[in-house]
Amino acid sequence: GQPYPALGADRAAGSQYNLITSLIKAGDHGRAFARAYDAYTNSPLDTRVAGTLIYAADEWATAMESKGLVAESLEFLTDLADSETTPEDAVTLLINAHFRLAGTFTEQQQWEDARHHYRQALLRDPSLEAASQNITYVYQEDLRSRFTPENAQDTVAWVDAESAEHPEDAAELRSVASILLGNAVVDAINGARFDEGLVLASAHYRWEENERTINNLRVAFQNFAMDAVSRQQSDAVLETLERLTREHGSGPDLAGILTNVFHNTAITAIEAGDFENALSAAHVLYGANPNSDSEDLLAYTYGQQAEAILATGDTVRAMRFLVDALNNYPNLTRLEQQGQSIGNQAALSAYEAGDSQGAVETFETTISIFGAND
């Protein structure tokens with residue numbers, strides 16, 4: 001359709017109109033327009049003559065379009081609209097032409113061409129709400145046709161590029177894309193495509209900051225981090241957190257998720273007797289966020305491994321293990337208490353077994369390493 005009714009015919013009248021109508025019916029649109037233009041030049045204030053000119057111009061432009069001469073038709077109408085000596089209604093003709101072409105391209109799913117012509121109409125009349133609404137509709141259909149879970153990242157890149165090229169449409173375009181993108185984030189996570197899910201969630205949050213996008217970003221980062229840690233790629237998690245913090249600030253509290261992931265990883269590994277991975281997770285967390293919680297986790301992990309060594313009967317190695325930990329982390333004073341506890345337990349066990357000499361030696365070793373406790 002077009003935003004304005006056809007102009008000219010309702011105001012055209014008289015012998016000139018009859019002659020021009022005859023020429024148009026005979027397919028001689030050029031002569032018809034020339035006659036109308038001459039008449040208008042001679043009587044520019046006569047509304048009937050002006051109406052005849054607009055009518056002739058519309059018929060000629062439509063005839064050119066029907067023959068596939070779209071560029072020629074637009075050039076003709078543009079020159080007419082830009083002329084200072086033609087009626088103001090010539091601009092309306094041009095707007096209507098752009099709407100007709102936009103509608104045709106929409107039917108043909110040539111979305112970019114459709115948007116182009118709606119934008120051209122807006123350039124002539126920025127208040128034309130129908131053009132703005134139709135651009136939004138075209139974007140919706142374009143996104144639906146191109147967007148699949150498999151090419152979601154390409155679509156994100158296209159939305160960003162399109163937004164940069166047409167900033168006036170950026171907010172609306174991202175709003176339309178946001179609905180599809182939110183679903184794509186969930187699909188990627190459910191499909192164990194954690195890297196992709198995080199990329200999409202980050203883009204989604206960048207477009208719209210709301211409860212849903214924050215939650216999706218947190219869930220995506222958590223799944224990404226858990227997967228990376230399970231593959232012993234902790235550095236990738238830290239690098240990703242640093243990048244996301246630069247991009248989004250501290251709003252989504254991704255650092256808190258990182259703490260939970262590494263804490264849970266360490267505890268799970270301890271329960272499985274996998275002290276190597278437990279210590280690795282605790283070290284990474286303490287290095288990334290050295291606070292009382294990460295300090296307690298590191299000390300607990302060292303202590304649990306020492307207990308496991310003690311269970312093999314090697315008291316000295318268990319205590320030496322804690323000494324090495326203290327040399328690396330002098331602030332983990334909790335390990336001194338644990339070392340004392342381990343030594344005391346071993347000494348008591350030796351005494352109860354009748355090995356008084358062994359008990360005394362163990363006490364002395366404990367005191368020499370960790371000092372005396374209360």
# chains A, B, ... in the order shown; residues from 1 in each chain; ligands from 1

call {"tool": "residues_around", "arguments": {"residues": "His263 in chain A", "least_positions_apart": "6", "cutoff": "9 Å", "atoms": "only C-alpha atoms", "output": "list in words"}}
result
Ala278, Ala281, Ala282, Leu285, Ser294 and Leu297 of chain A

call {"tool": "residues_around", "arguments": {"residues": "Leu279 in chain A", "least_positions_apart": "6", "cutoff": "10 Å", "atoms": "only C-alpha atoms", "output": "PyMOL selection string"}}
result
chain A and resi 265-267+269-270+285+297-302+305

call {"tool": "write_last_selection", "arguments": {"atoms": "N, CA, C and O atoms", "output": "PDB file, in the first residue's frame"}}
result
ATOM      1  N   THR A 265      34.012 -27.041  42.906  1.00  0.00           N
ATOM      2  CA  THR A 265      34.943 -27.965  42.254  1.00  0.00           C
ATOM      3  C   THR A 265      35.928 -28.542  43.257  1.00  0.00           C
ATOM      4  O   THR A 265      36.212 -29.745  43.258  1.00  0.00           O
ATOM      5  N   ALA A 266      36.466 -27.684  44.114  1.00  0.00           N
ATOM      6  CA  ALA A 266      37.432 -28.144  45.114  1.00  0.00           C
ATOM      7  C   ALA A 266      36.789 -29.133  46.087  1.00  0.00           C
ATOM      8  O   ALA A 266      37.362 -30.191  46.387  1.00  0.00           O
ATOM      9  N   ILE A 267      35.600 -28.810  46.577  1.00  0.00           N
ATOM     10  CA  ILE A 267      34.926 -29.687  47.540  1.00  0.00           C
ATOM     11  C   ILE A 267      34.586 -31.029  46.904  1.00  0.00           C
ATOM     12  O   ILE A 267      34.792 -32.099  47.510  1.00  0.00           O
ATOM     13  N   ALA A 269      36.082 -32.470  44.402  1.00  0.00           N
ATOM     14  CA  ALA A 269      37.326 -33.214  44.177  1.00  0.00           C
ATOM     15  C   ALA A 269      37.840 -33.814  45.482  1.00  0.00           C
ATOM     16  O   ALA A 269      38.335 -34.954  45.499  1.00  0.00           O
ATOM     17  N   ILE A 270      37.730 -33.065  46.579  1.00  0.00           N
ATOM     18  CA  ILE A 270      38.147 -33.595  47.881  1.00  0.00           C
ATOM     19  C   ILE A 270      37.339 -34.835  48.228  1.00  0.00           C
ATOM     20  O   ILE A 270      37.878 -35.865  48.661  1.00  0.00           O
ATOM     21  N   LEU A 285      41.245 -19.993  42.771  1.00  0.00           N
ATOM     22  CA  LEU A 285      40.299 -19.089  43.432  1.00  0.00           C
ATOM     23  C   LEU A 285      41.023 -18.115  44.357  1.00  0.00           C
ATOM     24  O   LEU A 285      40.723 -16.917  44.369  1.00  0.00           O
ATOM     25  N   LEU A 297      39.185 -21.931  52.147  1.00  0.00           N
ATOM     26  CA  LEU A 297      39.076 -23.074  51.243  1.00  0.00           C
ATOM     27  C   LEU A 297      40.446 -23.684  50.964  1.00  0.00           C
ATOM     28  O   LEU A 297      40.614 -24.909  50.964  1.00  0.00           O
ATOM     29  N   LEU A 298      41.446 -22.823  50.746  1.00  0.00           N
ATOM     30  CA  LEU A 298      42.793 -23.321  50.461  1.00  0.00           C
ATOM     31  C   LEU A 298      43.344 -24.070  51.668  1.00  0.00           C
ATOM     32  O   LEU A 298      43.919 -25.165  51.532  1.00  0.00           O
ATOM     33  N   ALA A 299      43.162 -23.500  52.845  1.00  0.00           N
ATOM     34  CA  ALA A 299      43.640 -24.165  54.057  1.00  0.00           C
ATOM     35  C   ALA A 299      42.922 -25.489  54.274  1.00  0.00           C
ATOM     36  O   ALA A 299      43.543 -26.505  54.642  1.00  0.00           O
ATOM     37  N   TYR A 300      41.617 -25.496  54.050  1.00  0.00           N
ATOM     38  CA  TYR A 300      40.839 -26.722  54.228  1.00  0.00           C
ATOM     39  C   TYR A 300      41.303 -27.808  53.265  1.00  0.00           C
ATOM     40  O   TYR A 300      41.428 -28.985  53.642  1.00  0.00           O
ATOM     41  N   THR A 301      41.583 -27.408  52.037  1.00  0.00           N
ATOM     42  CA  THR A 301      42.018 -28.382  51.036  1.00  0.00           C
ATOM     43  C   THR A 301      43.373 -28.980  51.401  1.00  0.00           C
ATOM     44  O   THR A 301      43.579 -30.195  51.328  1.00  0.00           O
ATOM     45  N   TYR A 302      44.304 -28.136  51.814  1.00  0.00           N
ATOM     46  CA  TYR A 302      45.604 -28.638  52.266  1.00  0.00           C
ATOM     47  C   TYR A 302      45.423 -29.575  53.468  1.00  0.00           C
ATOM     48  O   TYR A 302      46.047 -30.643  53.565  1.00  0.00           O
ATOM     49  N   GLN A 305      44.114 -33.020  52.465  1.00  0.00           N
ATOM     50  CA  GLN A 305      45.130 -33.874  51.859  1.00  0.00           C
ATOM     51  C   GLN A 305      46.104 -34.376  52.922  1.00  0.00           C
ATOM     52  O   GLN A 305      46.550 -35.536  52.870  1.00  0.00           O
TER      53      GLN A 305
END

call {"tool": "atom_distance", "arguments": {"atom1": "CA of Ala192 in chain A", "atom2": "CA of Glu242 in chain A"}}
result
22.7 Å

call {"tool": "closest_residue", "arguments": {"among": "A:Pro87, A:Gly287, A:Ser127, A:Tyr205", "to": "Asp235 in chain A", "atoms": "only C-alpha atoms"}}
result
A:Gly287

call {"tool": "closest_residue", "arguments": {"among": "A:Ser132, A:Thr245, A:Ser202, A:Gln304", "to": "Leu173 in chain A", "atoms": "only C-alpha atoms"}}
result
A:Ser132

call {"tool": "residues_around", "arguments": {"residues": "Leu310 in chain A", "least_positions_apart": "6", "cutoff": "12 Å", "atoms": "only C-alpha atoms", "output": "PyMOL selection string"}}
result
chain A and resi 303-304+316-322+338-339+341-346+349

call {"tool": "write_last_selection", "arguments": {"atoms": "C-alpha atoms", "output": "mmCIF file, in the first residue's frame"}}
result
data_model
loop_
_atom_site.group_PDB
_atom_site.id
_atom_site.type_symbol
_atom_site.label_atom_id
_atom_site.label_comp_id
_atom_site.auth_asym_id
_atom_site.auth_seq_id
_atom_site.Cartn_x
_atom_site.Cartn_y
_atom_site.Cartn_z
ATOM 1 C CA GLY A 303 44.345 -29.963 55.575
ATOM 2 C CA GLN A 304 42.204 -32.640 53.933
ATOM 3 C CA VAL A 316 56.037 -37.150 59.153
ATOM 4 C CA ARG A 317 55.115 -36.777 55.489
ATOM 5 C CA ALA A 318 51.710 -35.393 56.437
ATOM 6 C CA MET A 319 53.314 -32.772 58.652
ATOM 7 C CA ARG A 320 56.000 -31.957 56.104
ATOM 8 C CA PHE A 321 53.258 -31.483 53.533
ATOM 9 C CA LEU A 322 51.676 -28.854 55.766
ATOM 10 C CA GLN A 338 46.053 -28.599 61.937
ATOM 11 C CA GLY A 339 49.681 -29.747 61.952
ATOM 12 C CA SER A 341 46.466 -31.683 65.756
ATOM 13 C CA ILE A 342 47.866 -34.284 63.369
ATOM 14 C CA GLY A 343 51.085 -34.616 65.407
ATOM 15 C CA ASN A 344 49.203 -34.911 68.671
ATOM 16 C CA GLN A 345 46.890 -37.563 67.266
ATOM 17 C CA ALA A 346 49.839 -39.565 65.951
ATOM 18 C CA SER A 349 48.112 -43.360 68.866
#

call {"tool": "residues_around", "arguments": {"residues": "Gln222 in chain A", "least_positions_apart": "6", "cutoff": "10 Å", "atoms": "only C-alpha atoms", "output": "list in words"}}
result
Phe194, Leu198, Asn216, Ala228, Val237, Leu254, Gly256, Ile257, Leu258, Asn260 and Val261 of chain A

call {"tool": "closest_residue", "arguments": {"among": "A:Ala201, A:Leu45, A:Leu101, A:Leu326", "to": "Glu65 in chain A", "atoms": "only C-alpha atoms"}}
result
A:Leu101

call {"tool": "decode", "arguments": {"residues": "range 54-90 of chain A", "atoms": "N, CA and C atoms", "output": "PDB file, in the first residue's frame"}}
result
ATOM      1  N   ILE A  54       0.031  16.399 -11.591  1.00  0.00           N
ATOM      2  CA  ILE A  54       0.321  15.322 -10.655  1.00  0.00           C
ATOM      3  C   ILE A  54      -0.248  13.999 -11.177  1.00  0.00           C
ATOM      4  N   TYR A  55      -1.442  14.065 -11.710  1.00  0.00           N
ATOM      5  CA  TYR A  55      -2.079  12.866 -12.265  1.00  0.00           C
ATOM      6  C   TYR A  55      -1.233  12.291 -13.399  1.00  0.00           C
ATOM      7  N   ALA A  56      -0.792  13.140 -14.307  1.00  0.00           N
ATOM      8  CA  ALA A  56       0.003  12.683 -15.442  1.00  0.00           C
ATOM      9  C   ALA A  56       1.338  12.100 -14.978  1.00  0.00           C
ATOM     10  N   ALA A  57       1.950  12.752 -13.992  1.00  0.00           N
ATOM     11  CA  ALA A  57       3.225  12.264 -13.475  1.00  0.00           C
ATOM     12  C   ALA A  57       3.053  10.897 -12.820  1.00  0.00           C
ATOM     13  N   ASP A  58       1.998  10.731 -12.048  1.00  0.00           N
ATOM     14  CA  ASP A  58       1.737   9.458 -11.377  1.00  0.00           C
ATOM     15  C   ASP A  58       1.522   8.343 -12.394  1.00  0.00           C
ATOM     16  N   GLU A  59       0.765   8.624 -13.418  1.00  0.00           N
ATOM     17  CA  GLU A  59       0.500   7.614 -14.444  1.00  0.00           C
ATOM     18  C   GLU A  59       1.786   7.222 -15.181  1.00  0.00           C
ATOM     19  N   TRP A  60       2.616   8.203 -15.472  1.00  0.00           N
ATOM     20  CA  TRP A  60       3.856   7.912 -16.193  1.00  0.00           C
ATOM     21  C   TRP A  60       4.796   7.082 -15.311  1.00  0.00           C
ATOM     22  N   ALA A  61       4.946   7.466 -14.034  1.00  0.00           N
ATOM     23  CA  ALA A  61       5.823   6.734 -13.127  1.00  0.00           C
ATOM     24  C   ALA A  61       5.344   5.295 -12.942  1.00  0.00           C
ATOM     25  N   THR A  62       4.031   5.132 -12.790  1.00  0.00           N
ATOM     26  CA  THR A  62       3.475   3.784 -12.625  1.00  0.00           C
ATOM     27  C   THR A  62       3.700   2.941 -13.871  1.00  0.00           C
ATOM     28  N   ALA A  63       3.569   3.567 -15.038  1.00  0.00           N
ATOM     29  CA  ALA A  63       3.800   2.846 -16.290  1.00  0.00           C
ATOM     30  C   ALA A  63       5.253   2.386 -16.393  1.00  0.00           C
ATOM     31  N   MET A  64       6.180   3.243 -15.991  1.00  0.00           N
ATOM     32  CA  MET A  64       7.587   2.856 -16.022  1.00  0.00           C
ATOM     33  C   MET A  64       7.852   1.699 -15.066  1.00  0.00           C
ATOM     34  N   GLU A  65       7.253   1.753 -13.879  1.00  0.00           N
ATOM     35  CA  GLU A  65       7.431   0.658 -12.915  1.00  0.00           C
ATOM     36  C   GLU A  65       6.918  -0.653 -13.488  1.00  0.00           C
ATOM     37  N   SER A  66       5.773  -0.604 -14.150  1.00  0.00           N
ATOM     38  CA  SER A  66       5.191  -1.829 -14.695  1.00  0.00           C
ATOM     39  C   SER A  66       6.063  -2.446 -15.783  1.00  0.00           C
ATOM     40  N   LYS A  67       6.898  -1.633 -16.402  1.00  0.00           N
ATOM     41  CA  LYS A  67       7.814  -2.135 -17.437  1.00  0.00           C
ATOM     42  C   LYS A  67       9.181  -2.512 -16.862  1.00  0.00           C
ATOM     43  N   GLY A  68       9.302  -2.444 -15.539  1.00  0.00           N
ATOM     44  CA  GLY A  68      10.562  -2.791 -14.901  1.00  0.00           C
ATOM     45  C   GLY A  68      11.551  -1.656 -14.864  1.00  0.00           C
ATOM     46  N   LEU A  69      11.123  -0.476 -15.248  1.00  0.00           N
ATOM     47  CA  LEU A  69      12.028   0.682 -15.250  1.00  0.00           C
ATOM     48  C   LEU A  69      11.921   1.408 -13.906  1.00  0.00           C
ATOM     49  N   VAL A  70      12.240   0.680 -12.839  1.00  0.00           N
ATOM     50  CA  VAL A  70      12.062   1.211 -11.490  1.00  0.00           C
ATOM     51  C   VAL A  70      13.004   2.384 -11.236  1.00  0.00           C
ATOM     52  N   ALA A  71      14.269   2.208 -11.585  1.00  0.00           N
ATOM     53  CA  ALA A  71      15.238   3.282 -11.349  1.00  0.00           C
ATOM     54  C   ALA A  71      14.856   4.545 -12.105  1.00  0.00           C
ATOM     55  N   GLU A  72      14.406   4.362 -13.359  1.00  0.00           N
ATOM     56  CA  GLU A  72      14.020   5.514 -14.167  1.00  0.00           C
ATOM     57  C   GLU A  72      12.795   6.210 -13.573  1.00  0.00           C
ATOM     58  N   SER A  73      11.844   5.403 -13.084  1.00  0.00           N
ATOM     59  CA  SER A  73      10.638   5.977 -12.478  1.00  0.00           C
ATOM     60  C   SER A  73      10.989   6.792 -11.235  1.00  0.00           C
ATOM     61  N   LEU A  74      11.848   6.233 -10.377  1.00  0.00           N
ATOM     62  CA  LEU A  74      12.234   6.950  -9.167  1.00  0.00           C
ATOM     63  C   LEU A  74      13.022   8.216  -9.491  1.00  0.00           C
ATOM     64  N   GLU A  75      13.888   8.124 -10.476  1.00  0.00           N
ATOM     65  CA  GLU A  75      14.653   9.308 -10.865  1.00  0.00           C
ATOM     66  C   GLU A  75      13.728  10.419 -11.351  1.00  0.00           C
ATOM     67  N   PHE A  76      12.732  10.022 -12.138  1.00  0.00           N
ATOM     68  CA  PHE A  76      11.761  10.987 -12.651  1.00  0.00           C
ATOM     69  C   PHE A  76      11.002  11.645 -11.501  1.00  0.00           C
ATOM     70  N   LEU A  77      10.490  10.822 -10.553  1.00  0.00           N
ATOM     71  CA  LEU A  77       9.710  11.370  -9.441  1.00  0.00           C
ATOM     72  C   LEU A  77      10.588  12.190  -8.489  1.00  0.00           C
ATOM     73  N   THR A  78      11.836  11.775  -8.313  1.00  0.00           N
ATOM     74  CA  THR A  78      12.748  12.524  -7.444  1.00  0.00           C
ATOM     75  C   THR A  78      13.037  13.910  -8.023  1.00  0.00           C
ATOM     76  N   ASP A  79      13.314  13.937  -9.327  1.00  0.00           N
ATOM     77  CA  ASP A  79      13.555  15.234  -9.965  1.00  0.00           C
ATOM     78  C   ASP A  79      12.326  16.126  -9.841  1.00  0.00           C
ATOM     79  N   LEU A  80      11.160  15.533 -10.001  1.00  0.00           N
ATOM     80  CA  LEU A  80       9.917  16.303  -9.914  1.00  0.00           C
ATOM     81  C   LEU A  80       9.731  16.839  -8.484  1.00  0.00           C
ATOM     82  N   ALA A  81       9.987  15.984  -7.494  1.00  0.00           N
ATOM     83  CA  ALA A  81       9.804  16.397  -6.100  1.00  0.00           C
ATOM     84  C   ALA A  81      10.811  17.472  -5.690  1.00  0.00           C
ATOM     85  N   ASP A  82      12.002  17.403  -6.254  1.00  0.00           N
ATOM     86  CA  ASP A  82      13.049  18.358  -5.883  1.00  0.00           C
ATOM     87  C   ASP A  82      12.942  19.685  -6.636  1.00  0.00           C
ATOM     88  N   SER A  83      12.107  19.701  -7.650  1.00  0.00           N
ATOM     89  CA  SER A  83      11.976  20.921  -8.431  1.00  0.00           C
ATOM     90  C   SER A  83      11.249  21.999  -7.617  1.00  0.00           C
ATOM     91  N   GLU A  84      11.713  23.196  -7.739  1.00  0.00           N
ATOM     92  CA  GLU A  84      11.083  24.307  -7.012  1.00  0.00           C
ATOM     93  C   GLU A  84       9.875  24.861  -7.748  1.00  0.00           C
ATOM     94  N   THR A  85       9.622  24.342  -8.944  1.00  0.00           N
ATOM     95  CA  THR A  85       8.532  24.904  -9.751  1.00  0.00           C
ATOM     96  C   THR A  85       7.368  23.943  -9.901  1.00  0.00           C
ATOM     97  N   THR A  86       7.368  22.827  -9.163  1.00  0.00           N
ATOM     98  CA  THR A  86       6.274  21.863  -9.273  1.00  0.00           C
ATOM     99  C   THR A  86       5.465  21.854  -7.985  1.00  0.00           C
ATOM    100  N   PRO A  87       4.245  21.338  -8.017  1.00  0.00           N
ATOM    101  CA  PRO A  87       3.393  21.329  -6.822  1.00  0.00           C
ATOM    102  C   PRO A  87       4.009  20.516  -5.689  1.00  0.00           C
ATOM    103  N   GLU A  88       3.661  20.866  -4.455  1.00  0.00           N
ATOM    104  CA  GLU A  88       4.154  20.142  -3.296  1.00  0.00           C
ATOM    105  C   GLU A  88       3.715  18.680  -3.309  1.00  0.00           C
ATOM    106  N   ASP A  89       2.617  18.404  -3.972  1.00  0.00           N
ATOM    107  CA  ASP A  89       2.119  17.032  -4.029  1.00  0.00           C
ATOM    108  C   ASP A  89       3.075  16.103  -4.764  1.00  0.00           C
ATOM    109  N   ALA A  90       4.052  16.659  -5.467  1.00  0.00           N
ATOM    110  CA  ALA A  90       5.033  15.815  -6.147  1.00  0.00           C
ATOM    111  C   ALA A  90       5.826  14.998  -5.126  1.00  0.00           C
TER     112      ALA A  90
END
